[in-house]
file run-v8.pdb (PDB, C-alpha atoms)
MODEL        1
ATOM      1  CA  MET A   1      98.098 -92.419  96.319  1.00  0.00           C
ATOM      2  CA  ARG A   2      98.717 -91.100  99.826  1.00  0.00           C
ATOM      3  CA  ASP A   3      95.639 -90.953 102.030  1.00  0.00           C
ATOM      4  CA  ASP A   4      96.974 -88.057 104.137  1.00  0.00           C
ATOM      5  CA  TRP A   5      97.481 -85.534 101.344  1.00  0.00           C
ATOM      6  CA  LEU A   6      94.522 -83.297 102.279  1.00  0.00           C
ATOM      7  CA  THR A   7      96.340 -81.270 104.909  1.00  0.00           C
ATOM      8  CA  SER A   8      94.714 -78.598 107.066  1.00  0.00           C
ATOM      9  CA  SER A   9      96.641 -75.953 105.126  1.00  0.00           C
ATOM     10  CA  HIS A  10      94.264 -76.466 102.179  1.00  0.00           C
ATOM     11  CA  PHE A  11      91.317 -75.357 104.315  1.00  0.00           C
ATOM     12  CA  VAL A  12      93.277 -72.588 106.037  1.00  0.00           C
ATOM     13  CA  MET A  13      94.338 -71.129 102.682  1.00  0.00           C
ATOM     14  CA  PHE A  14      90.816 -71.229 101.294  1.00  0.00           C
ATOM     15  CA  GLY A  15      89.532 -69.612 104.484  1.00  0.00           C
ATOM     16  CA  LEU A  16      92.145 -66.862 104.241  1.00  0.00           C
ATOM     17  CA  LEU A  17      91.141 -66.237 100.635  1.00  0.00           C
ATOM     18  CA  ILE A  18      87.474 -65.972 101.597  1.00  0.00           C
ATOM     19  CA  GLY A  19      88.344 -63.588 104.422  1.00  0.00           C
ATOM     20  CA  PHE A  20      90.412 -61.405 102.114  1.00  0.00           C
ATOM     21  CA  ALA A  21      87.663 -61.415  99.471  1.00  0.00           C
ATOM     22  CA  ILE A  22      85.020 -60.356 101.991  1.00  0.00           C
ATOM     23  CA  ALA A  23      87.205 -57.578 103.399  1.00  0.00           C
ATOM     24  CA  HIS A  24      88.490 -56.324 100.044  1.00  0.00           C
ATOM     25  CA  SER A  25      85.224 -56.456  98.092  1.00  0.00           C
ATOM     26  CA  GLY A  26      83.201 -55.363 101.098  1.00  0.00           C
ATOM     27  CA  LEU A  27      85.283 -52.248 101.587  1.00  0.00           C
ATOM     28  CA  ALA A  28      85.085 -51.533  97.848  1.00  0.00           C
ATOM     29  CA  ALA A  29      81.287 -51.742  98.042  1.00  0.00           C
ATOM     30  CA  LEU A  30      81.208 -49.388 101.023  1.00  0.00           C
ATOM     31  CA  ARG A  31      83.457 -46.822  99.359  1.00  0.00           C
ATOM     32  CA  PRO A  32      80.743 -44.492  97.936  1.00  0.00           C
ATOM     33  CA  TYR A  33      78.996 -44.259 101.294  1.00  0.00           C
ATOM     34  CA  ALA A  34      82.090 -44.037 103.473  1.00  0.00           C
ATOM     35  CA  GLU A  35      83.825 -41.390 101.373  1.00  0.00           C
ATOM     36  CA  LYS A  36      80.826 -39.074 101.792  1.00  0.00           C
ATOM     37  CA  ARG A  37      81.188 -39.307 105.555  1.00  0.00           C
ATOM     38  CA  ILE A  38      84.931 -39.392 106.223  1.00  0.00           C
ATOM     39  CA  GLY A  39      86.476 -38.364 102.889  1.00  0.00           C
ATOM     40  CA  ALA A  40      88.330 -40.191 100.121  1.00  0.00           C
ATOM     41  CA  ARG A  41      91.836 -40.025 101.602  1.00  0.00           C
ATOM     42  CA  PRO A  42      90.993 -41.357 105.107  1.00  0.00           C
ATOM     43  CA  TYR A  43      88.959 -44.162 103.575  1.00  0.00           C
ATOM     44  CA  ARG A  44      91.844 -45.128 101.271  1.00  0.00           C
ATOM     45  CA  VAL A  45      94.080 -45.347 104.357  1.00  0.00           C
ATOM     46  CA  ILE A  46      91.530 -47.572 106.115  1.00  0.00           C
ATOM     47  CA  PHE A  47      91.255 -49.709 102.978  1.00  0.00           C
ATOM     48  CA  ALA A  48      95.025 -50.131 102.878  1.00  0.00           C
ATOM     49  CA  LEU A  49      95.344 -50.850 106.603  1.00  0.00           C
ATOM     50  CA  VAL A  50      92.854 -53.706 106.209  1.00  0.00           C
ATOM     51  CA  SER A  51      93.839 -55.072 102.800  1.00  0.00           C
ATOM     52  CA  LEU A  52      97.644 -54.944 102.935  1.00  0.00           C
ATOM     53  CA  PRO A  53      98.119 -57.016 106.134  1.00  0.00           C
ATOM     54  CA  LEU A  54      95.637 -59.616 104.867  1.00  0.00           C
ATOM     55  CA  ALA A  55      97.383 -59.759 101.486  1.00  0.00           C
ATOM     56  CA  THR A  56     100.783 -60.095 103.185  1.00  0.00           C
ATOM     57  CA  LEU A  57      99.482 -62.921 105.354  1.00  0.00           C
ATOM     58  CA  LEU A  58      98.143 -64.686 102.255  1.00  0.00           C
ATOM     59  CA  ILE A  59     101.439 -64.383 100.410  1.00  0.00           C
ATOM     60  CA  VAL A  60     103.513 -65.612 103.353  1.00  0.00           C
ATOM     61  CA  TYR A  61     101.198 -68.543 104.063  1.00  0.00           C
ATOM     62  CA  PHE A  62     101.101 -69.485 100.381  1.00  0.00           C
ATOM     63  CA  ILE A  63     104.871 -69.535 100.034  1.00  0.00           C
ATOM     64  CA  GLN A  64     105.321 -71.567 103.195  1.00  0.00           C
ATOM     65  CA  HIS A  65     102.776 -74.209 102.159  1.00  0.00           C
ATOM     66  CA  ARG A  66     102.924 -74.183  98.356  1.00  0.00           C
ATOM     67  CA  TYR A  67     104.183 -77.782  98.177  1.00  0.00           C
ATOM     68  CA  ASP A  68     101.593 -79.152 100.624  1.00  0.00           C
ATOM     69  CA  GLY A  69      99.252 -81.936  99.631  1.00  0.00           C
ATOM     70  CA  LEU A  70      99.543 -84.262  96.680  1.00  0.00           C
ATOM     71  CA  ARG A  71     102.036 -83.543  93.901  1.00  0.00           C
ATOM     72  CA  LEU A  72      99.935 -84.211  90.809  1.00  0.00           C
ATOM     73  CA  TRP A  73     102.729 -83.511  88.344  1.00  0.00           C
ATOM     74  CA  ASN A  74     106.304 -82.279  88.302  1.00  0.00           C
ATOM     75  CA  VAL A  75     107.483 -80.547  85.150  1.00  0.00           C
ATOM     76  CA  GLN A  76     110.124 -78.357  86.758  1.00  0.00           C
ATOM     77  CA  GLY A  77     112.905 -80.251  85.026  1.00  0.00           C
ATOM     78  CA  VAL A  78     111.269 -80.236  81.603  1.00  0.00           C
ATOM     79  CA  PRO A  79     113.159 -77.983  79.141  1.00  0.00           C
ATOM     80  CA  GLY A  80     111.330 -74.768  78.363  1.00  0.00           C
ATOM     81  CA  VAL A  81     108.910 -74.917  81.301  1.00  0.00           C
ATOM     82  CA  GLU A  82     110.795 -72.490  83.551  1.00  0.00           C
ATOM     83  CA  PRO A  83     111.104 -69.704  80.932  1.00  0.00           C
ATOM     84  CA  LEU A  84     107.443 -70.275  80.010  1.00  0.00           C
ATOM     85  CA  VAL A  85     106.406 -69.827  83.648  1.00  0.00           C
ATOM     86  CA  TRP A  86     108.503 -66.684  83.955  1.00  0.00           C
ATOM     87  CA  ALA A  87     107.096 -65.285  80.690  1.00  0.00           C
ATOM     88  CA  LEU A  88     103.508 -65.944  81.792  1.00  0.00           C
ATOM     89  CA  SER A  89     104.234 -64.417  85.206  1.00  0.00           C
ATOM     90  CA  ALA A  90     105.680 -61.279  83.586  1.00  0.00           C
ATOM     91  CA  ILE A  91     102.631 -60.957  81.325  1.00  0.00           C
ATOM     92  CA  SER A  92     100.347 -61.439  84.320  1.00  0.00           C
ATOM     93  CA  PHE A  93     101.929 -58.462  86.094  1.00  0.00           C
ATOM     94  CA  LEU A  94     101.269 -56.244  83.069  1.00  0.00           C
ATOM     95  CA  PHE A  95      97.583 -57.050  83.482  1.00  0.00           C
ATOM     96  CA  LEU A  96      97.498 -57.155  87.285  1.00  0.00           C
ATOM     97  CA  TYR A  97      98.889 -53.712  88.048  1.00  0.00           C
ATOM     98  CA  PRO A  98      97.482 -51.040  85.722  1.00  0.00           C
ATOM     99  CA  ALA A  99      96.074 -49.352  88.846  1.00  0.00           C
ATOM    100  CA  THR A 100      99.633 -48.648  89.995  1.00  0.00           C
ATOM    101  CA  PHE A 101      99.806 -45.957  87.324  1.00  0.00           C
ATOM    102  CA  ASN A 102      98.031 -43.687  89.813  1.00  0.00           C
ATOM    103  CA  LEU A 103     100.529 -44.151  92.612  1.00  0.00           C
ATOM    104  CA  LEU A 104      99.813 -40.817  94.265  1.00  0.00           C
ATOM    105  CA  GLU A 105      96.137 -41.732  94.540  1.00  0.00           C
ATOM    106  CA  ILE A 106      96.922 -45.188  95.920  1.00  0.00           C
ATOM    107  CA  ALA A 107      99.061 -43.592  98.604  1.00  0.00           C
ATOM    108  CA  ALA A 108      96.269 -41.041  99.246  1.00  0.00           C
ATOM    109  CA  ILE A 109      98.683 -38.177  98.507  1.00  0.00           C
ATOM    110  CA  GLN A 110      96.286 -37.112  95.788  1.00  0.00           C
ATOM    111  CA  LYS A 111      92.551 -37.544  96.272  1.00  0.00           C
ATOM    112  CA  PRO A 112      91.679 -41.168  95.308  1.00  0.00           C
ATOM    113  CA  GLN A 113      89.150 -41.299  92.495  1.00  0.00           C
ATOM    114  CA  VAL A 114      87.227 -43.886  90.506  1.00  0.00           C
ATOM    115  CA  HIS A 115      88.365 -43.659  86.890  1.00  0.00           C
ATOM    116  CA  LEU A 116      86.452 -44.690  83.786  1.00  0.00           C
ATOM    117  CA  TYR A 117      89.091 -45.918  81.354  1.00  0.00           C
ATOM    118  CA  GLU A 118      88.756 -47.062  77.752  1.00  0.00           C
ATOM    119  CA  THR A 119      92.368 -46.869  76.632  1.00  0.00           C
ATOM    120  CA  GLY A 120      95.556 -48.893  76.903  1.00  0.00           C
ATOM    121  CA  ILE A 121      95.088 -52.343  78.343  1.00  0.00           C
ATOM    122  CA  ILE A 122      91.333 -51.760  78.766  1.00  0.00           C
ATOM    123  CA  ARG A 123      91.087 -52.081  74.990  1.00  0.00           C
ATOM    124  CA  ILE A 124      92.286 -55.685  75.422  1.00  0.00           C
ATOM    125  CA  THR A 125      90.080 -56.511  78.410  1.00  0.00           C
ATOM    126  CA  ARG A 126      87.820 -54.455  80.642  1.00  0.00           C
ATOM    127  CA  HIS A 127      89.020 -56.379  83.694  1.00  0.00           C
ATOM    128  CA  PRO A 128      92.804 -56.722  83.343  1.00  0.00           C
ATOM    129  CA  GLN A 129      93.343 -57.700  86.977  1.00  0.00           C
ATOM    130  CA  MET A 130      91.130 -60.759  86.553  1.00  0.00           C
ATOM    131  CA  VAL A 131      92.969 -61.766  83.384  1.00  0.00           C
ATOM    132  CA  GLY A 132      96.333 -61.220  85.049  1.00  0.00           C
ATOM    133  CA  GLN A 133      95.313 -63.305  88.050  1.00  0.00           C
ATOM    134  CA  VAL A 134      94.180 -66.175  85.815  1.00  0.00           C
ATOM    135  CA  ILE A 135      97.484 -66.092  83.912  1.00  0.00           C
ATOM    136  CA  TRP A 136      99.448 -66.027  87.185  1.00  0.00           C
ATOM    137  CA  CYS A 137      97.472 -68.992  88.506  1.00  0.00           C
ATOM    138  CA  ILE A 138      98.015 -70.985  85.308  1.00  0.00           C
ATOM    139  CA  ALA A 139     101.766 -70.346  85.454  1.00  0.00           C
ATOM    140  CA  HIS A 140     102.176 -71.260  89.115  1.00  0.00           C
ATOM    141  CA  THR A 141      99.837 -74.238  88.961  1.00  0.00           C
ATOM    142  CA  LEU A 142     101.893 -75.582  86.066  1.00  0.00           C
ATOM    143  CA  TRP A 143     105.127 -75.036  87.995  1.00  0.00           C
ATOM    144  CA  LEU A 144     104.062 -76.396  91.385  1.00  0.00           C
ATOM    145  CA  GLY A 145     101.537 -79.065  90.437  1.00  0.00           C
ATOM    146  CA  THR A 146     100.226 -79.494  93.991  1.00  0.00           C
ATOM    147  CA  THR A 147      96.699 -79.806  95.313  1.00  0.00           C
ATOM    148  CA  PHE A 148      97.435 -76.838  97.583  1.00  0.00           C
ATOM    149  CA  MET A 149      98.192 -74.744  94.499  1.00  0.00           C
ATOM    150  CA  LEU A 150      94.953 -75.893  92.880  1.00  0.00           C
ATOM    151  CA  VAL A 151      92.990 -74.772  95.952  1.00  0.00           C
ATOM    152  CA  THR A 152      94.821 -71.436  95.940  1.00  0.00           C
ATOM    153  CA  SER A 153      94.194 -70.904  92.242  1.00  0.00           C
ATOM    154  CA  ALA A 154      90.509 -71.797  92.574  1.00  0.00           C
ATOM    155  CA  GLY A 155      90.050 -69.301  95.397  1.00  0.00           C
ATOM    156  CA  LEU A 156      91.903 -66.494  93.626  1.00  0.00           C
ATOM    157  CA  ILE A 157      90.101 -66.991  90.321  1.00  0.00           C
ATOM    158  CA  LEU A 158      86.673 -67.210  91.978  1.00  0.00           C
ATOM    159  CA  HIS A 159      87.376 -63.955  93.837  1.00  0.00           C
ATOM    160  CA  HIS A 160      88.400 -62.168  90.652  1.00  0.00           C
ATOM    161  CA  LEU A 161      85.433 -63.509  88.690  1.00  0.00           C
ATOM    162  CA  PHE A 162      83.216 -62.102  91.424  1.00  0.00           C
ATOM    163  CA  GLY A 163      85.190 -58.882  91.079  1.00  0.00           C
ATOM    164  CA  VAL A 164      84.195 -58.690  87.399  1.00  0.00           C
ATOM    165  CA  TRP A 165      80.508 -58.647  88.319  1.00  0.00           C
ATOM    166  CA  HIS A 166      81.042 -56.470  91.382  1.00  0.00           C
ATOM    167  CA  GLY A 167      83.218 -53.968  89.559  1.00  0.00           C
ATOM    168  CA  ASP A 168      80.768 -53.578  86.670  1.00  0.00           C
ATOM    169  CA  ARG A 169      77.926 -53.172  89.142  1.00  0.00           C
ATOM    170  CA  ARG A 170      79.702 -50.396  91.047  1.00  0.00           C
ATOM    171  CA  LEU A 171      80.685 -48.571  87.857  1.00  0.00           C
ATOM    172  CA  THR A 172      77.104 -48.825  86.587  1.00  0.00           C
ATOM    173  CA  GLN A 173      75.828 -47.302  89.814  1.00  0.00           C
ATOM    174  CA  ARG A 174      78.386 -44.498  89.633  1.00  0.00           C
ATOM    175  CA  TYR A 175      78.429 -43.621  85.916  1.00  0.00           C
ATOM    176  CA  GLY A 176      75.167 -45.020  84.547  1.00  0.00           C
ATOM    177  CA  GLU A 177      74.863 -44.615  80.778  1.00  0.00           C
ATOM    178  CA  ALA A 178      78.485 -43.493  80.410  1.00  0.00           C
ATOM    179  CA  PHE A 179      79.718 -46.854  81.724  1.00  0.00           C
ATOM    180  CA  ALA A 180      77.067 -48.706  79.697  1.00  0.00           C
ATOM    181  CA  ALA A 181      78.643 -47.184  76.575  1.00  0.00           C
ATOM    182  CA  VAL A 182      82.135 -48.207  77.678  1.00  0.00           C
ATOM    183  CA  LYS A 183      80.864 -51.687  78.500  1.00  0.00           C
ATOM    184  CA  ALA A 184      79.369 -52.004  75.019  1.00  0.00           C
ATOM    185  CA  ARG A 185      82.689 -51.049  73.413  1.00  0.00           C
ATOM    186  CA  THR A 186      84.871 -53.327  75.550  1.00  0.00           C
ATOM    187  CA  SER A 187      84.955 -56.980  76.574  1.00  0.00           C
ATOM    188  CA  VAL A 188      85.894 -59.054  79.606  1.00  0.00           C
ATOM    189  CA  ILE A 189      87.350 -61.759  77.340  1.00  0.00           C
ATOM    190  CA  PRO A 190      90.848 -60.686  76.213  1.00  0.00           C
ATOM    191  CA  PHE A 191      91.091 -59.369  72.616  1.00  0.00           C
ATOM    192  CA  LEU A 192      87.430 -60.127  71.830  1.00  0.00           C
ATOM    193  CA  ALA A 193      86.502 -56.462  71.392  1.00  0.00           C
ATOM    194  CA  ILE A 194      89.494 -56.036  69.067  1.00  0.00           C
ATOM    195  CA  LEU A 195      88.662 -59.121  67.017  1.00  0.00           C
ATOM    196  CA  ASP A 196      85.041 -58.108  66.503  1.00  0.00           C
ATOM    197  CA  GLY A 197      85.921 -54.517  65.609  1.00  0.00           C
ATOM    198  CA  ARG A 198      84.713 -52.670  68.704  1.00  0.00           C
ATOM    199  CA  GLN A 199      88.284 -51.655  69.605  1.00  0.00           C
ATOM    200  CA  THR A 200      91.630 -51.135  67.904  1.00  0.00           C
ATOM    201  CA  LEU A 201      95.003 -51.446  69.588  1.00  0.00           C
ATOM    202  CA  GLU A 202      96.849 -48.152  70.004  1.00  0.00           C
ATOM    203  CA  PHE A 203     100.412 -49.147  70.831  1.00  0.00           C
ATOM    204  CA  LYS A 204     101.394 -45.581  71.676  1.00  0.00           C
ATOM    205  CA  GLU A 205      99.066 -45.808  74.692  1.00  0.00           C
ATOM    206  CA  PHE A 206     101.388 -48.429  76.164  1.00  0.00           C
ATOM    207  CA  LEU A 207     104.392 -46.099  75.941  1.00  0.00           C
ATOM    208  CA  ARG A 208     103.964 -44.654  79.404  1.00  0.00           C
ATOM    209  CA  PRO A 209     106.038 -44.703  82.608  1.00  0.00           C
ATOM    210  CA  GLY A 210     103.637 -47.071  84.356  1.00  0.00           C
ATOM    211  CA  TYR A 211     104.424 -49.946  82.003  1.00  0.00           C
ATOM    212  CA  VAL A 212     108.139 -49.231  82.267  1.00  0.00           C
ATOM    213  CA  GLY A 213     107.766 -49.367  86.046  1.00  0.00           C
ATOM    214  CA  VAL A 214     106.005 -52.730  85.892  1.00  0.00           C
ATOM    215  CA  ALA A 215     108.725 -54.084  83.564  1.00  0.00           C
ATOM    216  CA  ILE A 216     111.447 -52.918  85.961  1.00  0.00           C
ATOM    217  CA  PHE A 217     109.547 -54.473  88.864  1.00  0.00           C
ATOM    218  CA  VAL A 218     109.385 -57.827  87.032  1.00  0.00           C
ATOM    219  CA  LEU A 219     113.146 -57.755  86.388  1.00  0.00           C
ATOM    220  CA  LEU A 220     113.939 -56.849  89.980  1.00  0.00           C
ATOM    221  CA  PHE A 221     111.561 -59.534  91.251  1.00  0.00           C
ATOM    222  CA  TRP A 222     113.254 -62.102  88.985  1.00  0.00           C
ATOM    223  CA  PHE A 223     116.619 -61.388  90.625  1.00  0.00           C
ATOM    224  CA  ALA A 224     115.201 -61.100  94.156  1.00  0.00           C
ATOM    225  CA  HIS A 225     112.808 -64.058  93.907  1.00  0.00           C
ATOM    226  CA  PRO A 226     115.111 -66.656  95.558  1.00  0.00           C
ATOM    227  CA  LEU A 227     115.899 -64.293  98.444  1.00  0.00           C
ATOM    228  CA  PHE A 228     112.219 -63.456  98.837  1.00  0.00           C
ATOM    229  CA  ILE A 229     111.270 -67.141  99.011  1.00  0.00           C
ATOM    230  CA  GLN A 230     114.043 -67.821 101.517  1.00  0.00           C
ATOM    231  CA  ALA A 231     113.145 -64.857 103.732  1.00  0.00           C
ATOM    232  CA  THR A 232     109.459 -65.788 103.737  1.00  0.00           C
ATOM    233  CA  GLY A 233     110.286 -69.391 104.585  1.00  0.00           C
ATOM    234  CA  ASN A 234     112.336 -68.250 107.557  1.00  0.00           C
ATOM    235  CA  LEU A 235     109.289 -66.533 109.039  1.00  0.00           C
ATOM    236  CA  GLY A 236     107.891 -69.958 109.893  1.00  0.00           C
TER     237      GLY A 236
ENDMDL
END

call {"tool": "encode", "arguments": {"input": "run-v8.pdb", "output": "structure tokens"}}
result
Amino acid sequence: MRDDWLTSSHFVMFGLLIGFAIAHSGLAALRPYAEKRIGARPYRVIFALVSLPLATLLIVYFIQHRYDGLRLWNVQGVPGVEPLVWALSAISFLFLYPATFNLLEIAAIQKPQVHLYETGIIRITRHPQMVGQVIWCIAHTLWLGTTFMLVTSAGLILHHLFGVWHGDRRLTQRYGEAFAAVKARTSVIPFLAILDGRQTLEFKEFLRPGYVGVAIFVLLFWFAHPLFIQATGNLG
């Protein structure tokens, strides 16, 4: 085993993840207070101006250093692994981006609001972004097999697990008993509420433009992925 595998990029990546988590979750916590003072739309712009550059920096740094450290396994040539990774990645996007269904609110064209959902993917899990992030991390950790990827996955998953607690806390403060009822009828663990009878899947709820948009995005990203990796690598 190499004794120089623990490169500085491991610590830099974890530090970037902590910084993003503090900024992203901190701004989410401040939202109720800030919106009363400056309004929902200006605060959404501030949120985006802070979060998007940090997220872009994370993505670029990750791509440039994804093979750093020790290669613990290499299954990239094993038959079936590549389509499995792509399938898991596609599924992860379906969980990661339900918020993109309100694009006009995200762009602050319409007034951004906090929604209390109990339909669609929320029937499967109350925190789809956390589930999607875990699936994405599993897929990419399997594909890359590096210690740098393990550090990245640990940081991302820890942030999203914190987001489960933080998100429930903020919704409890905002909606009180109404969210308590939703919480009782849903589950963080995927499909648990369906298996124990608290929810039933309504497939018609998934027939909406948002899911079509995510599917198109996955297909486009599949074709553009090599160019994206190359362009990001050239930034270094």

call {"tool": "atom_distance", "arguments": {"input": "run-v8.pdb", "atom1": "CA of Ile59 (chain A)", "atom2": "CA of Val85 (chain A)"}}
result
18.3 Å

call {"tool": "closest_atom_pairs", "arguments": {"input": "run-v8.pdb", "of": "region 85-187 of chain A", "to": "region 197-206 of chain A", "cutoff": "8 Å", "atoms": "all atoms listed in the file", "output": "JSON lines"}}
result
{"residue": "A:Thr119", "atom": "CA", "partner": "A:Glu205", "partner_atom": "CA", "distance": 7.1}
{"residue": "A:Gly120", "atom": "CA", "partner": "A:Glu205", "partner_atom": "CA", "distance": 5.2}
{"residue": "A:Ile121", "atom": "CA", "partner": "A:Phe206", "partner_atom": "CA", "distance": 7.7}
{"residue": "A:Arg123", "atom": "CA", "partner": "A:Gln199", "partner_atom": "CA", "distance": 6.1}
{"residue": "A:Ile124", "atom": "CA", "partner": "A:Leu201", "partner_atom": "CA", "distance": 7.7}
{"residue": "A:Arg185", "atom": "CA", "partner": "A:Arg198", "partner_atom": "CA", "distance": 5.4}
{"residue": "A:Thr186", "atom": "CA", "partner": "A:Arg198", "partner_atom": "CA", "distance": 6.9}

call {"tool": "closest_residue", "arguments": {"input": "run-v8.pdb", "among": "A:Ala90, A:Val12, A:Leu6, A:Ala29", "to": "Trp222 (chain A)", "atoms": "all atoms listed in the file"}}
result
A:Ala90

call {"tool": "atom_distance", "arguments": {"input": "run-v8.pdb", "atom1": "CA of Ile189 (chain A)", "atom2": "CA of Phe95 (chain A)"}}
result
12.8 Å

call {"tool": "atom_distance", "arguments": {"input": "run-v8.pdb", "atom1": "CA of Gly176 (chain A)", "atom2": "CA of Leu30 (chain A)"}}
result
18.1 Å

call {"tool": "closest_residue", "arguments": {"input": "run-v8.pdb", "among": "A:Gly167, A:Gly213, A:Pro190, A:Gly155", "to": "Ala21 (chain A)", "atoms": "all atoms listed in the file"}}
result
A:Gly155

call {"tool": "decode", "arguments": {"input": "run-v8.pdb", "residues": "region 122-129 of chain A", "atoms": "all heavy atoms", "output": "PDB file, in the first residue's frame"}}
result
ATOM      1  N   ILE A 122     -43.054  12.064  -2.506  1.00  0.00           N
ATOM      2  CA  ILE A 122     -43.101  12.173  -1.054  1.00  0.00           C
ATOM      3  C   ILE A 122     -43.808  10.967  -0.445  1.00  0.00           C
ATOM      4  O   ILE A 122     -43.596  10.631   0.727  1.00  0.00           O
ATOM      5  CB  ILE A 122     -43.787  13.481  -0.617  1.00  0.00           C
ATOM      6  CG1 ILE A 122     -43.089  14.682  -1.264  1.00  0.00           C
ATOM      7  CG2 ILE A 122     -43.769  13.639   0.897  1.00  0.00           C
ATOM      8  CD1 ILE A 122     -41.617  14.809  -0.890  1.00  0.00           C
ATOM      9  N   ARG A 123     -44.649  10.300  -1.210  1.00  0.00           N
ATOM     10  CA  ARG A 123     -45.260   9.066  -0.726  1.00  0.00           C
ATOM     11  C   ARG A 123     -44.197   7.986  -0.513  1.00  0.00           C
ATOM     12  O   ARG A 123     -44.352   7.123   0.360  1.00  0.00           O
ATOM     13  CB  ARG A 123     -46.317   8.564  -1.721  1.00  0.00           C
ATOM     14  CG  ARG A 123     -47.533   9.463  -1.878  1.00  0.00           C
ATOM     15  CD  ARG A 123     -48.522   8.824  -2.837  1.00  0.00           C
ATOM     16  NE  ARG A 123     -49.654   9.692  -3.128  1.00  0.00           N
ATOM     17  CZ  ARG A 123     -50.768   9.753  -2.395  1.00  0.00           C
ATOM     18  NH1 ARG A 123     -50.877   8.993  -1.330  1.00  0.00           N
ATOM     19  NH2 ARG A 123     -51.753  10.572  -2.747  1.00  0.00           N
ATOM     20  N   ILE A 124     -43.138   8.021  -1.324  1.00  0.00           N
ATOM     21  CA  ILE A 124     -42.057   7.037  -1.214  1.00  0.00           C
ATOM     22  C   ILE A 124     -41.128   7.392  -0.069  1.00  0.00           C
ATOM     23  O   ILE A 124     -40.753   6.535   0.741  1.00  0.00           O
ATOM     24  CB  ILE A 124     -41.286   6.954  -2.535  1.00  0.00           C
ATOM     25  CG1 ILE A 124     -42.221   6.482  -3.668  1.00  0.00           C
ATOM     26  CG2 ILE A 124     -40.076   6.024  -2.409  1.00  0.00           C
ATOM     27  CD1 ILE A 124     -41.582   6.483  -5.030  1.00  0.00           C
ATOM     28  N   THR A 125     -40.728   8.659   0.005  1.00  0.00           N
ATOM     29  CA  THR A 125     -39.873   9.132   1.091  1.00  0.00           C
ATOM     30  C   THR A 125     -40.117  10.612   1.316  1.00  0.00           C
ATOM     31  O   THR A 125     -40.270  11.373   0.355  1.00  0.00           O
ATOM     32  CB  THR A 125     -38.381   8.900   0.797  1.00  0.00           C
ATOM     33  OG1 THR A 125     -37.585   9.556   1.797  1.00  0.00           O
ATOM     34  CG2 THR A 125     -37.984   9.423  -0.565  1.00  0.00           C
ATOM     35  N   ARG A 126     -40.124  11.012   2.573  1.00  0.00           N
ATOM     36  CA  ARG A 126     -40.374  12.418   2.900  1.00  0.00           C
ATOM     37  C   ARG A 126     -39.185  13.305   2.549  1.00  0.00           C
ATOM     38  O   ARG A 126     -39.317  14.515   2.426  1.00  0.00           O
ATOM     39  CB  ARG A 126     -40.701  12.543   4.400  1.00  0.00           C
ATOM     40  CG  ARG A 126     -41.225  13.908   4.799  1.00  0.00           C
ATOM     41  CD  ARG A 126     -41.831  13.924   6.190  1.00  0.00           C
ATOM     42  NE  ARG A 126     -40.848  13.707   7.240  1.00  0.00           N
ATOM     43  CZ  ARG A 126     -40.761  12.584   7.966  1.00  0.00           C
ATOM     44  NH1 ARG A 126     -41.570  11.576   7.717  1.00  0.00           N
ATOM     45  NH2 ARG A 126     -39.859  12.475   8.927  1.00  0.00           N
ATOM     46  N   HIS A 127     -38.017  12.699   2.408  1.00  0.00           N
ATOM     47  CA  HIS A 127     -36.812  13.461   2.072  1.00  0.00           C
ATOM     48  C   HIS A 127     -36.139  12.868   0.827  1.00  0.00           C
ATOM     49  O   HIS A 127     -35.098  12.204   0.915  1.00  0.00           O
ATOM     50  CB  HIS A 127     -35.840  13.481   3.252  1.00  0.00           C
ATOM     51  CG  HIS A 127     -36.303  14.334   4.379  1.00  0.00           C
ATOM     52  ND1 HIS A 127     -36.111  15.705   4.390  1.00  0.00           N
ATOM     53  CD2 HIS A 127     -36.975  14.033   5.512  1.00  0.00           C
ATOM     54  CE1 HIS A 127     -36.641  16.200   5.501  1.00  0.00           C
ATOM     55  NE2 HIS A 127     -37.173  15.217   6.195  1.00  0.00           N
ATOM     56  N   PRO A 128     -36.744  13.109  -0.340  1.00  0.00           N
ATOM     57  CA  PRO A 128     -36.219  12.502  -1.574  1.00  0.00           C
ATOM     58  C   PRO A 128     -34.814  12.963  -1.934  1.00  0.00           C
ATOM     59  O   PRO A 128     -34.044  12.191  -2.516  1.00  0.00           O
ATOM     60  CB  PRO A 128     -37.234  12.925  -2.644  1.00  0.00           C
ATOM     61  CG  PRO A 128     -37.916  14.129  -2.072  1.00  0.00           C
ATOM     62  CD  PRO A 128     -37.961  13.907  -0.595  1.00  0.00           C
ATOM     63  N   GLN A 129     -34.454  14.203  -1.593  1.00  0.00           N
ATOM     64  CA  GLN A 129     -33.113  14.664  -1.939  1.00  0.00           C
ATOM     65  C   GLN A 129     -32.042  13.878  -1.188  1.00  0.00           C
ATOM     66  O   GLN A 129     -30.984  13.572  -1.737  1.00  0.00           O
ATOM     67  CB  GLN A 129     -32.980  16.163  -1.668  1.00  0.00           C
ATOM     68  CG  GLN A 129     -33.737  17.010  -2.674  1.00  0.00           C
ATOM     69  CD  GLN A 129     -33.445  18.489  -2.517  1.00  0.00           C
ATOM     70  OE1 GLN A 129     -33.271  18.978  -1.409  1.00  0.00           O
ATOM     71  NE2 GLN A 129     -33.392  19.202  -3.626  1.00  0.00           N
TER      72      GLN A 129
END
